[in-house]
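Participant: As input, take final_39.csv (CSV, C-alpha atoms):
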chain,number,residue,atom,x,y,z
A,1164,MET,CA,-132.2,172.1,-156.1
A,1165,ARG,CA,-132.2,173.8,-152.7
A,1166,ARG,CA,-135.5,172.1,-151.9
A,1167,LEU,CA,-134.1,168.7,-152.8
A,1168,LEU,CA,-131.0,169.3,-150.7
A,1169,ALA,CA,-133.1,170.4,-147.8
A,1170,LYS,CA,-135.3,167.4,-148.1
A,1171,LEU,CA,-132.3,165.1,-148.2
A,1172,ALA,CA,-130.9,166.8,-145.1
A,1173,ARG,CA,-134.2,166.3,-143.2
A,1174,LEU,CA,-134.2,162.6,-144.2
A,1175,ASP,CA,-130.6,162.2,-143.1
A,1176,ALA,CA,-131.5,163.8,-139.7
A,1177,ARG,CA,-134.5,161.6,-139.3
A,1178,VAL,CA,-132.4,158.4,-139.9
A,1179,ASP,CA,-129.8,159.7,-137.5
A,1180,GLU,CA,-132.4,160.4,-134.8
A,1181,ARG,CA,-134.0,157.0,-135.1
A,1182,THR,CA,-130.6,155.2,-134.7
A,1183,PRO,CA,-130.4,153.5,-131.3
A,1184,ALA,CA,-127.5,154.8,-129.2
A,1185,HIS,CA,-126.0,151.4,-128.8
A,1186,ARG,CA,-125.8,150.9,-132.6
A,1187,ASP,CA,-122.1,150.2,-133.6
A,1188,ARG,CA,-121.8,152.6,-136.5
A,1189,ALA,CA,-118.3,151.6,-137.4
A,1190,VAL,CA,-119.2,148.0,-137.8
A,1191,ASP,CA,-122.2,149.0,-140.0
A,1192,GLY,CA,-119.9,151.3,-142.0
A,1193,LEU,CA,-117.4,148.5,-142.6
A,1194,ARG,CA,-120.2,146.1,-143.7
A,1195,ALA,CA,-121.5,148.7,-146.1
A,1196,LEU,CA,-118.1,149.2,-147.6
A,1197,ALA,CA,-117.6,145.5,-148.1
A,1198,LEU,CA,-121.1,145.2,-149.6
A,1199,LEU,CA,-120.5,147.9,-152.1
A,1200,ALA,CA,-117.2,146.4,-153.1
A,1201,VAL,CA,-119.0,143.2,-154.4
A,1202,PRO,CA,-121.0,144.8,-157.2
A,1203,THR,CA,-118.2,147.3,-157.9
A,1204,GLY,CA,-115.8,144.4,-158.4
A,1205,HIS,CA,-118.1,142.2,-160.4
A,1206,TRP,CA,-119.2,145.1,-162.7
A,1207,LEU,CA,-115.6,146.1,-163.4
A,1208,VAL,CA,-114.4,142.6,-164.3
A,1209,GLY,CA,-117.7,141.2,-165.7
A,1210,GLY,CA,-117.1,141.9,-169.3
A,1211,PHE,CA,-118.7,140.2,-172.3
A,1212,THR,CA,-118.0,139.2,-175.8
A,1213,LEU,CA,-120.6,139.0,-178.5
A,1214,ASP,CA,-120.4,135.9,-180.6
A,1215,GLY,CA,-123.1,134.8,-183.0
A,1216,GLY,CA,-125.6,137.1,-181.3
A,1217,GLY,CA,-125.0,135.6,-177.9
A,1218,LEU,CA,-123.2,137.1,-174.9
A,1219,HIS,CA,-120.2,135.2,-173.3
A,1220,ASN,CA,-118.3,136.0,-170.2
A,1221,ALA,CA,-114.9,137.7,-170.6
A,1222,SER,CA,-112.6,139.5,-168.1
A,1223,PRO,CA,-110.4,142.6,-168.7
A,1224,LEU,CA,-107.9,141.0,-166.3
A,1225,ALA,CA,-107.1,138.4,-169.1
A,1226,THR,CA,-105.7,141.3,-171.2
A,1227,PHE,CA,-104.7,143.8,-168.6
A,1228,GLY,CA,-102.7,142.0,-165.9
A,1229,ALA,CA,-101.6,145.4,-164.5
A,1230,LEU,CA,-105.1,145.8,-163.2
A,1231,ALA,CA,-104.7,142.9,-160.8
A,1232,PRO,CA,-103.7,145.2,-157.8
A,1233,ALA,CA,-107.2,146.8,-158.0
A,1234,SER,CA,-108.6,143.4,-156.9
A,1235,TRP,CA,-106.5,143.8,-153.7
A,1236,VAL,CA,-108.8,146.7,-152.8
A,1237,LEU,CA,-112.0,145.4,-154.1
A,1238,GLN,CA,-111.7,141.9,-152.6
A,1239,MET,CA,-113.2,142.8,-149.2
A,1240,LEU,CA,-114.8,139.5,-148.3
A,1241,GLY,CA,-112.4,139.3,-145.4
A,1242,ILE,CA,-114.0,142.5,-144.0
A,1243,PHE,CA,-117.5,141.1,-144.6
A,1244,PHE,CA,-116.8,137.9,-142.7
A,1245,LEU,CA,-115.0,139.9,-139.9
A,1246,VAL,CA,-118.1,142.1,-139.3
A,1247,GLY,CA,-120.3,139.1,-139.8
A,1248,GLY,CA,-118.6,137.2,-137.0
A,1249,TYR,CA,-118.7,140.4,-134.8
A,1250,SER,CA,-122.4,141.0,-135.4
A,1251,SER,CA,-123.4,137.3,-135.1
A,1252,VAL,CA,-121.8,136.8,-131.7
A,1253,LEU,CA,-123.6,139.9,-130.4
A,1254,SER,CA,-126.9,138.6,-131.8
A,1255,TYR,CA,-126.2,135.1,-130.4
A,1256,ARG,CA,-125.6,136.5,-126.9
A,1257,ARG,CA,-128.8,138.5,-127.0
A,1258,ARG,CA,-131.0,135.6,-128.2
A,1259,LYS,CA,-134.1,134.9,-126.2
A,1260,GLY,CA,-134.8,131.4,-127.6
A,1261,SER,CA,-132.7,128.3,-128.0
A,1262,VAL,CA,-129.5,128.0,-130.1
A,1263,ARG,CA,-131.5,126.0,-132.7
A,1264,GLU,CA,-134.1,128.7,-133.0
A,1265,TRP,CA,-131.5,131.4,-133.3
A,1266,THR,CA,-129.6,129.5,-136.0
A,1267,ALA,CA,-132.8,128.7,-137.9
A,1268,GLY,CA,-133.8,132.4,-137.9
A,1269,ARG,CA,-130.4,133.5,-139.2
A,1270,LEU,CA,-130.5,130.8,-142.0
A,1271,ARG,CA,-134.0,131.8,-143.0
A,1272,ARG,CA,-132.9,135.4,-143.4
A,1273,LEU,CA,-130.1,134.3,-145.7
A,1274,GLY,CA,-132.1,131.7,-147.6
A,1275,ARG,CA,-135.2,133.7,-148.6
A,1276,PRO,CA,-133.4,136.2,-150.9
A,1277,VAL,CA,-131.5,133.4,-152.6
A,1278,LEU,CA,-134.7,131.4,-153.1
A,1279,GLY,CA,-136.4,134.5,-154.4
A,1280,VAL,CA,-133.8,135.5,-157.0
A,1281,THR,CA,-133.4,132.0,-158.4
A,1282,ALA,CA,-137.1,131.3,-158.6
A,1283,VAL,CA,-137.7,134.6,-160.4
A,1284,TRP,CA,-135.0,133.9,-162.9
A,1285,ALA,CA,-136.4,130.4,-163.5
A,1286,LEU,CA,-139.7,132.1,-164.5
A,1287,LEU,CA,-137.8,134.6,-166.6
A,1288,LEU,CA,-135.8,132.2,-168.7
A,1289,PRO,CA,-138.6,130.8,-170.9
A,1290,VAL,CA,-140.1,134.3,-171.3
A,1291,LEU,CA,-136.8,135.7,-172.4
A,1292,HIS,CA,-136.0,132.8,-174.8
A,1293,TYR,CA,-139.4,131.9,-176.3
A,1294,GLY,CA,-141.1,135.2,-175.8
A,1295,LEU,CA,-138.4,137.7,-176.6
A,1296,GLY,CA,-136.0,135.6,-178.6
A,1297,VAL,CA,-132.9,135.9,-176.3
A,1298,PRO,CA,-130.3,133.4,-177.5
A,1299,GLY,CA,-129.6,130.4,-175.4
A,1300,ASP,CA,-125.9,131.3,-175.0
A,1301,THR,CA,-126.9,134.7,-173.5
A,1302,LEU,CA,-129.2,132.9,-171.0
A,1303,HIS,CA,-126.5,130.5,-170.0
A,1304,THR,CA,-124.1,133.4,-169.4
A,1305,ALA,CA,-126.7,135.3,-167.5
A,1306,ALA,CA,-127.5,132.2,-165.3
A,1307,THR,CA,-123.8,131.7,-164.5
A,1308,LEU,CA,-123.5,135.4,-163.4
A,1309,VAL,CA,-126.6,135.3,-161.3
A,1310,VAL,CA,-125.4,132.2,-159.5
A,1311,GLN,CA,-121.8,133.4,-159.1
A,1312,PRO,CA,-122.3,135.5,-155.9
A,1313,LEU,CA,-124.7,133.0,-154.4
A,1314,TRP,CA,-122.0,130.5,-153.4
A,1315,PHE,CA,-120.9,133.2,-151.0
A,1316,VAL,CA,-124.2,133.2,-149.3
A,1317,GLY,CA,-124.1,129.4,-149.0
A,1318,VAL,CA,-120.7,129.4,-147.4
A,1319,TYR,CA,-121.7,132.3,-145.1
A,1320,ALA,CA,-124.8,130.3,-144.0
A,1321,VAL,CA,-122.7,127.3,-143.0
A,1322,ILE,CA,-120.3,129.4,-141.1
A,1323,THR,CA,-123.2,131.2,-139.4
A,1324,ALA,CA,-124.5,127.8,-138.2
A,1325,LEU,CA,-121.1,127.2,-136.6
A,1326,THR,CA,-121.2,130.4,-134.5
A,1327,PRO,CA,-121.7,128.5,-131.2
A,1328,TYR,CA,-118.5,126.6,-131.8
A,1329,CYS,CA,-116.7,129.8,-132.8
A,1330,VAL,CA,-117.8,131.4,-129.6
A,1331,ARG,CA,-116.5,128.6,-127.5
A,1332,ALA,CA,-113.2,128.6,-129.4
A,1333,SER,CA,-112.9,132.3,-128.7
A,1334,GLU,CA,-113.6,131.9,-125.0
A,1335,ARG,CA,-110.8,129.3,-124.7
A,1336,LEU,CA,-108.2,130.7,-127.1
A,1337,GLY,CA,-109.1,134.3,-127.9
A,1338,ALA,CA,-107.7,135.4,-131.2
A,1339,ARG,CA,-105.5,132.3,-131.4
A,1340,ALA,CA,-108.6,130.4,-132.3
A,1341,ALA,CA,-108.1,131.6,-135.9
A,1342,VAL,CA,-104.5,130.1,-136.1
A,1343,PRO,CA,-105.6,126.5,-136.8
A,1344,LEU,CA,-107.7,127.8,-139.7
A,1345,ILE,CA,-104.9,129.6,-141.4
A,1346,GLY,CA,-102.7,126.6,-140.7
A,1347,ALA,CA,-105.1,124.3,-142.4
A,1348,VAL,CA,-105.2,126.5,-145.5
A,1349,ALA,CA,-101.3,126.6,-145.5
A,1350,VAL,CA,-101.1,122.8,-145.4
A,1351,VAL,CA,-103.6,122.4,-148.3
A,1352,ASP,CA,-101.8,125.0,-150.4
A,1353,LEU,CA,-98.4,123.3,-149.7
A,1354,LEU,CA,-99.9,120.0,-150.9
A,1355,ARG,CA,-101.6,121.4,-154.1
A,1356,TYR,CA,-98.8,123.8,-155.1
A,1357,GLY,CA,-95.7,122.1,-153.5
A,1358,PRO,CA,-93.4,119.4,-154.8
A,1359,PHE,CA,-96.1,116.7,-154.6
A,1360,ALA,CA,-98.7,118.7,-156.4
A,1361,ASP,CA,-98.9,116.3,-159.4
A,1362,ALA,CA,-99.9,113.4,-157.1
A,1363,MET,CA,-102.7,115.4,-155.3
A,1364,PRO,CA,-106.4,114.9,-156.3
A,1365,SER,CA,-108.2,117.8,-157.9
A,1366,TRP,CA,-110.8,118.0,-155.1
A,1367,LEU,CA,-108.1,118.7,-152.5
A,1368,SER,CA,-108.5,122.5,-152.9
A,1369,LEU,CA,-112.1,122.2,-151.7
A,1370,LEU,CA,-110.7,121.6,-148.2
A,1371,ASN,CA,-109.8,125.3,-148.1
A,1372,LEU,CA,-113.4,126.4,-148.6
A,1373,LEU,CA,-114.6,126.3,-145.0
A,1374,PRO,CA,-111.4,127.3,-143.0
A,1375,GLY,CA,-110.5,129.8,-145.7
A,1376,TRP,CA,-113.6,131.9,-145.2
A,1377,MET,CA,-114.1,131.1,-141.6
A,1378,PHE,CA,-110.7,132.7,-140.6
A,1379,ALA,CA,-112.0,136.3,-140.7
A,1380,TYR,CA,-115.3,135.3,-139.2
A,1381,GLN,CA,-113.5,133.8,-136.2
A,1382,LEU,CA,-111.4,137.0,-135.9
A,1383,GLY,CA,-114.7,138.9,-135.8
A,1384,VAL,CA,-116.0,136.7,-133.0
A,1385,SER,CA,-112.9,137.3,-130.9
A,1386,TRP,CA,-113.1,141.0,-131.7
A,1387,ALA,CA,-116.7,141.1,-130.4
A,1388,ASP,CA,-115.5,139.3,-127.2
A,1389,ARG,CA,-112.8,142.0,-126.8
A,1390,ARG,CA,-110.1,139.4,-127.2
A,1391,ILE,CA,-108.4,141.5,-129.9
A,1392,GLY,CA,-107.0,144.9,-129.0
A,1393,ARG,CA,-104.8,147.4,-130.7
A,1394,ARG,CA,-101.7,145.3,-130.2
A,1395,GLY,CA,-103.4,142.3,-131.8
A,1396,ALA,CA,-104.8,144.5,-134.6
A,1397,TRP,CA,-101.3,145.8,-135.4
A,1398,LEU,CA,-100.0,142.2,-135.4
A,1399,LEU,CA,-102.7,141.3,-137.9
A,1400,LEU,CA,-102.0,144.2,-140.1
A,1401,ALA,CA,-98.2,143.8,-140.1
A,1402,GLY,CA,-98.2,140.0,-140.3
A,1403,GLY,CA,-100.9,139.8,-143.0
A,1404,THR,CA,-99.1,142.4,-145.1
A,1405,ALA,CA,-95.7,140.6,-144.7
A,1406,LEU,CA,-97.2,137.2,-145.6
A,1407,PHE,CA,-99.0,138.7,-148.6
A,1408,ALA,CA,-95.7,140.1,-149.9
A,1409,VAL,CA,-93.8,136.9,-149.4
A,1410,LEU,CA,-96.5,134.8,-151.1
A,1411,LEU,CA,-96.5,137.0,-154.1
A,1412,LEU,CA,-92.7,137.6,-154.4
A,1413,ALA,CA,-91.2,134.3,-153.2
A,1414,PHE,CA,-93.9,131.8,-153.9
A,1415,HIS,CA,-95.4,133.4,-157.0
A,1416,TYR,CA,-99.0,133.3,-156.1
A,1417,PRO,CA,-101.3,134.8,-158.8
A,1418,MET,CA,-101.5,138.6,-158.5
A,1419,SER,CA,-105.3,138.8,-159.0
A,1420,MET,CA,-107.5,138.0,-156.0
A,1421,VAL,CA,-110.3,136.9,-158.4
A,1422,GLY,CA,-110.2,134.2,-161.1
A,1423,VAL,CA,-108.7,135.1,-164.5
A,1424,PRO,CA,-109.9,133.2,-167.6
A,1425,GLY,CA,-107.1,131.0,-168.9
A,1426,GLU,CA,-105.1,130.9,-165.7
A,1427,ALA,CA,-104.4,127.5,-164.1
A,1428,ARG,CA,-104.4,128.9,-160.6
A,1429,THR,CA,-106.9,131.0,-158.8
A,1430,ASN,CA,-106.8,132.6,-155.3
A,1431,SER,CA,-110.5,132.8,-154.6
A,1432,HIS,CA,-112.2,129.6,-155.7
A,1433,PRO,CA,-111.5,128.2,-153.1
A,1434,PRO,CA,-109.5,130.7,-151.1
A,1435,SER,CA,-105.7,130.4,-151.1
A,1436,LEU,CA,-103.4,131.4,-148.3
A,1437,LEU,CA,-103.0,134.8,-150.1
A,1438,VAL,CA,-106.7,135.5,-149.5
A,1439,LEU,CA,-106.2,134.9,-145.8
A,1440,ALA,CA,-103.1,137.1,-145.7
A,1441,LEU,CA,-105.2,139.9,-147.2
A,1442,ALA,CA,-108.1,139.3,-144.8
A,1443,ALA,CA,-105.7,139.4,-141.8
A,1444,ALA,CA,-104.3,142.8,-143.0
A,1445,GLN,CA,-107.7,144.2,-143.7
A,1446,SER,CA,-109.0,143.0,-140.4
A,1447,GLY,CA,-106.2,144.6,-138.5
A,1448,ALA,CA,-106.7,147.9,-140.3
A,1449,ALA,CA,-110.5,147.8,-139.7
A,1450,ILE,CA,-110.0,147.2,-136.0
A,1451,LEU,CA,-107.5,150.0,-135.7
A,1452,LEU,CA,-109.7,152.5,-137.7
A,1453,ARG,CA,-112.9,151.6,-135.8
A,1454,ASP,CA,-113.0,154.6,-133.5
A,1455,ARG,CA,-112.2,157.1,-136.2
A,1456,LEU,CA,-114.8,155.6,-138.5
A,1457,ALA,CA,-117.4,155.7,-135.7
A,1458,ARG,CA,-116.8,159.4,-135.2
A,1459,LEU,CA,-117.0,160.1,-138.9
A,1460,LEU,CA,-120.3,158.3,-139.2
A,1461,ARG,CA,-121.8,160.6,-136.5
A,1462,ARG,CA,-122.5,162.9,-139.4
A,1463,PRO,CA,-126.1,162.3,-140.6
A,1464,ALA,CA,-125.2,162.8,-144.2
A,1465,LEU,CA,-122.7,160.0,-144.1
A,1466,TRP,CA,-124.7,157.7,-141.8
A,1467,ALA,CA,-127.9,157.6,-143.8
A,1468,PRO,CA,-126.4,155.9,-146.9
A,1469,VAL,CA,-124.7,153.3,-144.6
A,1470,VAL,CA,-128.2,152.5,-143.1
A,1471,ILE,CA,-129.7,152.2,-146.6
A,1472,VAL,CA,-126.9,149.9,-147.8
A,1473,ASN,CA,-127.2,147.7,-144.7
A,1474,LEU,CA,-130.9,147.4,-145.0
A,1475,SER,CA,-130.4,146.3,-148.7
A,1476,ALA,CA,-127.5,143.9,-148.0
A,1477,MET,CA,-129.0,140.7,-149.4
A,1478,THR,CA,-130.7,142.6,-152.3
A,1479,ILE,CA,-127.3,144.0,-153.3
A,1480,LEU,CA,-125.6,140.6,-153.1
A,1481,CYS,CA,-128.3,138.6,-154.9
A,1482,TRP,CA,-129.4,141.1,-157.6
A,1483,HIS,CA,-126.5,143.2,-158.6
A,1484,GLN,CA,-125.6,140.9,-161.5
A,1485,THR,CA,-129.2,141.1,-162.7
A,1486,ALA,CA,-128.9,144.9,-162.8
A,1487,MET,CA,-125.9,144.6,-165.1
A,1488,LEU,CA,-127.6,142.0,-167.3
A,1489,ALA,CA,-130.7,144.3,-167.6
A,1490,ALA,CA,-128.4,146.7,-169.5
A,1491,ALA,CA,-126.2,144.1,-171.4
A,1492,VAL,CA,-128.9,141.8,-172.7
A,1493,PRO,CA,-130.9,144.5,-174.5
A,1494,GLY,CA,-127.7,146.1,-175.6
A,1495,SER,CA,-126.6,142.9,-177.3
A,1496,TYR,CA,-129.2,143.5,-180.0
A,1497,PHE,CA,-127.4,146.6,-181.0
A,1498,GLY,CA,-124.1,144.9,-181.6
A,1499,GLU,CA,-120.7,145.6,-179.9
A,1500,ILE,CA,-121.1,148.5,-177.5
A,1501,PRO,CA,-117.9,149.7,-175.8
A,1502,GLY,CA,-117.9,148.9,-172.1
A,1503,LEU,CA,-121.0,146.9,-172.4
A,1504,THR,CA,-121.1,144.1,-175.0
A,1505,ALA,CA,-117.7,144.7,-176.8
A,1506,ALA,CA,-114.7,142.6,-175.8
A,1507,PRO,CA,-112.8,144.0,-172.8
A,1508,ASP,CA,-109.5,144.0,-174.6
A,1509,THR,CA,-108.7,147.7,-175.0
A,1510,GLY,CA,-107.9,150.6,-172.6
A,1511,GLY,CA,-111.0,152.4,-173.8
A,1512,TRP,CA,-113.2,149.5,-172.6
A,1513,VAL,CA,-112.2,150.2,-169.0
A,1514,LEU,CA,-113.1,153.9,-169.3
A,1515,ALA,CA,-116.4,153.0,-171.0
A,1516,ARG,CA,-117.3,150.4,-168.3
A,1517,LEU,CA,-116.7,153.1,-165.7
A,1518,ALA,CA,-119.2,155.3,-167.6
A,1519,TRP,CA,-121.8,152.5,-167.5
A,1520,MET,CA,-121.5,152.0,-163.7
A,1521,PRO,CA,-124.0,154.7,-162.7
A,1522,LEU,CA,-126.6,153.0,-165.0
A,1523,PHE,CA,-126.0,149.7,-163.3
A,1524,ALA,CA,-126.4,151.3,-159.9
A,1525,GLY,CA,-129.6,152.9,-161.0
A,1526,LEU,CA,-131.0,149.6,-162.4
A,1527,LEU,CA,-130.0,147.9,-159.1
A,1528,ALA,CA,-132.0,150.5,-157.1
A,1529,ALA,CA,-135.0,149.9,-159.4
A,1530,VAL,CA,-134.7,146.1,-159.0
A,1531,ALA,CA,-134.4,146.5,-155.2
A,1532,ARG,CA,-137.9,148.0,-155.0
A,1533,PHE,CA,-139.2,144.8,-156.5
A,1534,ALA,CA,-136.9,142.4,-154.7
A,1535,ARG,CA,-137.1,143.8,-151.1
A,1536,PRO,CA,-140.4,142.1,-150.3
A,1537,LEU,CA,-138.8,138.7,-151.2
A,1538,GLU,CA,-136.5,139.2,-148.2
A,1539,SER,CA,-139.4,139.7,-145.7
A,1540,PRO,CA,-140.8,136.7,-143.8
A,1541,TRP,CA,-143.1,134.7,-146.1
A,1542,ASP,CA,-145.9,134.5,-143.5
A,1543,ARG,CA,-148.6,134.7,-146.1
A,1544,THR,CA,-147.0,132.2,-148.4
A,1545,GLY,CA,-148.5,128.8,-148.2
A,1546,THR,CA,-146.7,125.5,-148.3
A,1547,ALA,CA,-147.5,124.9,-152.0
A,1548,ARG,CA,-146.0,128.2,-153.1
A,1549,ARG,CA,-142.9,127.7,-151.0
A,1550,ALA,CA,-142.5,124.2,-152.6
A,1551,ALA,CA,-143.0,125.7,-156.1
A,1552,ALA,CA,-140.4,128.3,-155.4
A,1553,ALA,CA,-137.9,125.6,-154.2
A,1554,VAL,CA,-138.5,123.6,-157.3
A,1555,LEU,CA,-138.0,126.6,-159.6
A,1556,ALA,CA,-134.9,127.6,-157.7
A,1557,ALA,CA,-133.5,124.0,-158.0
A,1558,GLY,CA,-134.3,124.0,-161.8
A,1559,PHE,CA,-132.5,127.3,-162.3
A,1560,GLY,CA,-129.5,126.1,-160.3
A,1561,TYR,CA,-129.2,123.0,-162.5
A,1562,PHE,CA,-129.5,125.1,-165.6
A,1563,ALA,CA,-126.8,127.5,-164.4
A,1564,LEU,CA,-124.3,124.9,-163.2
A,1565,ALA,CA,-124.9,122.6,-166.3
A,1566,ALA,CA,-124.2,125.6,-168.6
Could I get this structure in the form of structure tokens?
Facilitator:
Amino acid sequence: MRRLLAKLARLDARVDERTPAHRDRAVDGLRALALLAVPTGHWLVGGFTLDGGGLHNASPLATFGALAPASWVLQMLGIFFLVGGYSSVLSYRRRKGSVREWTAGRLRRLGRPVLGVTAVWALLLPVLHYGLGVPGDTLHTAATLVVQPLWFVGVYAVITALTPYCVRASERLGARAAVPLIGAVAVVDLLRYGPFADAMPSWLSLLNLLPGWMFAYQLGVSWADRRIGRRGAWLLLAGGTALFAVLLLAFHYPMSMVGVPGEARTNSHPPSLLVLALAAAQSGAAILLRDRLARLLRRPALWAPVVIVNLSAMTILCWHQTAMLAAAVPGSYFGEIPGLTAAPDTGGWVLARLAWMPLFAGLLAAVARFARPLESPWDRTGTARRAAAAVLAAGFGYFALAA
């Protein structure tokens, strides 16, 4: 045990020594926190029911509405977009090539892991079904879960491509550049939830998709430009918190920040004004805590895990549902297992699911060793293989969305 601890201490020290002095540890720490919240949230609300031998999606939030406030903590996409905007603008200003080259490079880094996970799953589906006899219902459920976090990567890619426009908006307006975005979401929410809601088309909510997630990204750009100081951060924290409370108590927005089966309204798909209120409060708190977090992450034992999580960012986003399925699909052959394949409708399920979380994390670490090469540049991959991967990914996407 002492040898193991000594070895870990040496590894932590080595990571700390190799970290450039200019590295913003606080921003990396915030990104790591937001990244880890994604699998934690999905694993906690990603329950199953076992019907006819096949797995079907179910959520404990449908039974335990009192758990909804937990989603206020685990919904940290606002933080992710905040640090995304912050990091992107620094990278954008350091670029050596053209804007088009910078954008293409960023999009390739986002696209490769998505193409990799969907192509691999396209190859797995026939093997699982015809080779191992996995029911079609289970495969449809699995495909839906795998695709579920990938929409986020798509939205993030579009917003990343708009970075030059965000930079110009920040230079002209500072933090006020985010105001039209929250205003646009407020208008759409008024139309789809207000007195004329019955006359509004169903696609209207999609108009919130871009401005809703771009709001925190734009704040991150202004933060990187030093256009948001402590006074602005306090305003974001106080204003976001107040708006959040008003929307919940006076306008009766859904309590949960994620979709709940059976509910007519959802805050996250696409984002409602409540999501932006939470993102504003989170962003303000993050900016205020930056210096304290940076000092905390000067400790090698805390900094090393942050580095590992950041290096595995796309692997975590793209493969964490696969890790959970790697336990649930084999488990379905043994019937209803509490916290894994049994319906999430009892208090014991929550405790049992928490007990399964370390296994999910271990499986994700194992999957990461296989998946990491898919994120590297495909320099040795010919055109034919790239085209085949694209066809496989498209096929899997069709299967998942048509399920």
Participant: Got a sec: who's within 9 Å of stretch 1373-1381 of chain A, counting only C-alpha atoms, leaving out chain neighbours fewer than 4 positions off, as number ranges by chain?
Facilitator: A: 1240-1249, 1318-1319, 1321-1323, 1326, 1329-1330, 1332-1333, 1338, 1340-1345, 1347-1348, 1369, 1385-1386, 1433-1436, 1438-1439, 1442-1443, 1446
Participant: Just C-alpha atoms for this one: save the residues we selected as a CSV table (one decimal), in the coordinates of the input.
Facilitator:
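For reference, out_5.csv as written:
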chain,number,residue,atom,x,y,z
A,1240,LEU,CA,-114.8,139.5,-148.3
A,1241,GLY,CA,-112.4,139.3,-145.4
A,1242,ILE,CA,-114.0,142.5,-144.0
A,1243,PHE,CA,-117.5,141.1,-144.6
A,1244,PHE,CA,-116.8,137.9,-142.7
A,1245,LEU,CA,-115.0,139.9,-139.9
A,1246,VAL,CA,-118.1,142.1,-139.3
A,1247,GLY,CA,-120.3,139.1,-139.8
A,1248,GLY,CA,-118.6,137.2,-137.0
A,1249,TYR,CA,-118.7,140.4,-134.8
A,1318,VAL,CA,-120.7,129.4,-147.4
A,1319,TYR,CA,-121.7,132.3,-145.1
A,1321,VAL,CA,-122.7,127.3,-143.0
A,1322,ILE,CA,-120.3,129.4,-141.1
A,1323,THR,CA,-123.2,131.2,-139.4
A,1326,THR,CA,-121.2,130.4,-134.5
A,1329,CYS,CA,-116.7,129.8,-132.8
A,1330,VAL,CA,-117.8,131.4,-129.6
A,1332,ALA,CA,-113.2,128.6,-129.4
A,1333,SER,CA,-112.9,132.3,-128.7
A,1338,ALA,CA,-107.7,135.4,-131.2
A,1340,ALA,CA,-108.6,130.4,-132.3
A,1341,ALA,CA,-108.1,131.6,-135.9
A,1342,VAL,CA,-104.5,130.1,-136.1
A,1343,PRO,CA,-105.6,126.5,-136.8
A,1344,LEU,CA,-107.7,127.8,-139.7
A,1345,ILE,CA,-104.9,129.6,-141.4
A,1347,ALA,CA,-105.1,124.3,-142.4
A,1348,VAL,CA,-105.2,126.5,-145.5
A,1369,LEU,CA,-112.1,122.2,-151.7
A,1385,SER,CA,-112.9,137.3,-130.9
A,1386,TRP,CA,-113.1,141.0,-131.7
A,1433,PRO,CA,-111.5,128.2,-153.1
A,1434,PRO,CA,-109.5,130.7,-151.1
A,1435,SER,CA,-105.7,130.4,-151.1
A,1436,LEU,CA,-103.4,131.4,-148.3
A,1438,VAL,CA,-106.7,135.5,-149.5
A,1439,LEU,CA,-106.2,134.9,-145.8
A,1442,ALA,CA,-108.1,139.3,-144.8
A,1443,ALA,CA,-105.7,139.4,-141.8
A,1446,SER,CA,-109.0,143.0,-140.4
Participant: Write out as number ranges by chain which residues come within 10 Å of A:Arg1462 when counting all atoms listed in the file, dropping same-chain ones fewer than 5 positions away.
Facilitator: A: 1175-1176, 1179, 1457, 1467
Participant: Just checking: using all atoms listed in the file, which residue out of A:Val1190, A:Ala1505, A:Leu1353, A:Ala1551 ends up closest to A:Gly1209?
Facilitator: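 Closest residue, counting all atoms listed in the file: A:Ala1505.
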Participant: Tell me, in Å to one decimal, how far atom CA of A:His1303 is from atom CA of A:Ser1222.
Facilitator: 16.7 Å
Participant: Just how far from atom CA of A:Met1520 is atom CA of A:Leu1503, in Å to one decimal?
Facilitator: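 Result for atom CA of A:Leu1503 versus atom CA of A:Met1520: 10.1 Å, one decimal.
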Participant: Residues of stretch 1305-1364 of chain A within 12 Å of stretch 1479-1490 of chain A: nearest atom pair and distance (Å, one decimal) for each, counting only C-alpha atoms, sorted by chain and number, as CSV?
Facilitator:
residue,atom,partner,partner_atom,distance
A:Ala1305,CA,A:Leu1488,CA,6.8
A:Ala1306,CA,A:Thr1485,CA,9.4
A:Thr1307,CA,A:Gln1484,CA,9.8
A:Leu1308,CA,A:Gln1484,CA,6.2
A:Val1309,CA,A:Gln1484,CA,5.7
A:Val1310,CA,A:Cys1481,CA,8.4
A:Gln1311,CA,A:Gln1484,CA,8.7
A:Pro1312,CA,A:Leu1480,CA,6.7
A:Leu1313,CA,A:Cys1481,CA,6.7
A:Trp1314,CA,A:Cys1481,CA,10.4
A:Phe1315,CA,A:Leu1480,CA,9.0
A:Val1316,CA,A:Leu1480,CA,8.4
A:Gly1317,CA,A:Cys1481,CA,11.7
Participant: Do you have the atom CA of A:Phe1523-atom CA of A:Leu1196 distance handy?
Facilitator: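 Rounded to one decimal, the two atoms are 17.6 Å apart.
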Participant: Can you pull out the residues contacting A:Arg1453? Cut-off 10 Å, using only C-alpha atoms, and skip same-chain residues under 5 positions away; I want them as a list in words.
Facilitator: Asp1187, Arg1188, Ala1189, Val1190, Gly1192, Leu1193, Ala1448, Arg1458 and Leu1459 of chain A
Participant: Counting only C-alpha atoms, which of A:Ala1221, A:Leu1288, A:Thr1304, A:Val1384 gets nearest to A:Arg1331?
Facilitator: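 Closest residue, counting only C-alpha atoms: A:Val1384.
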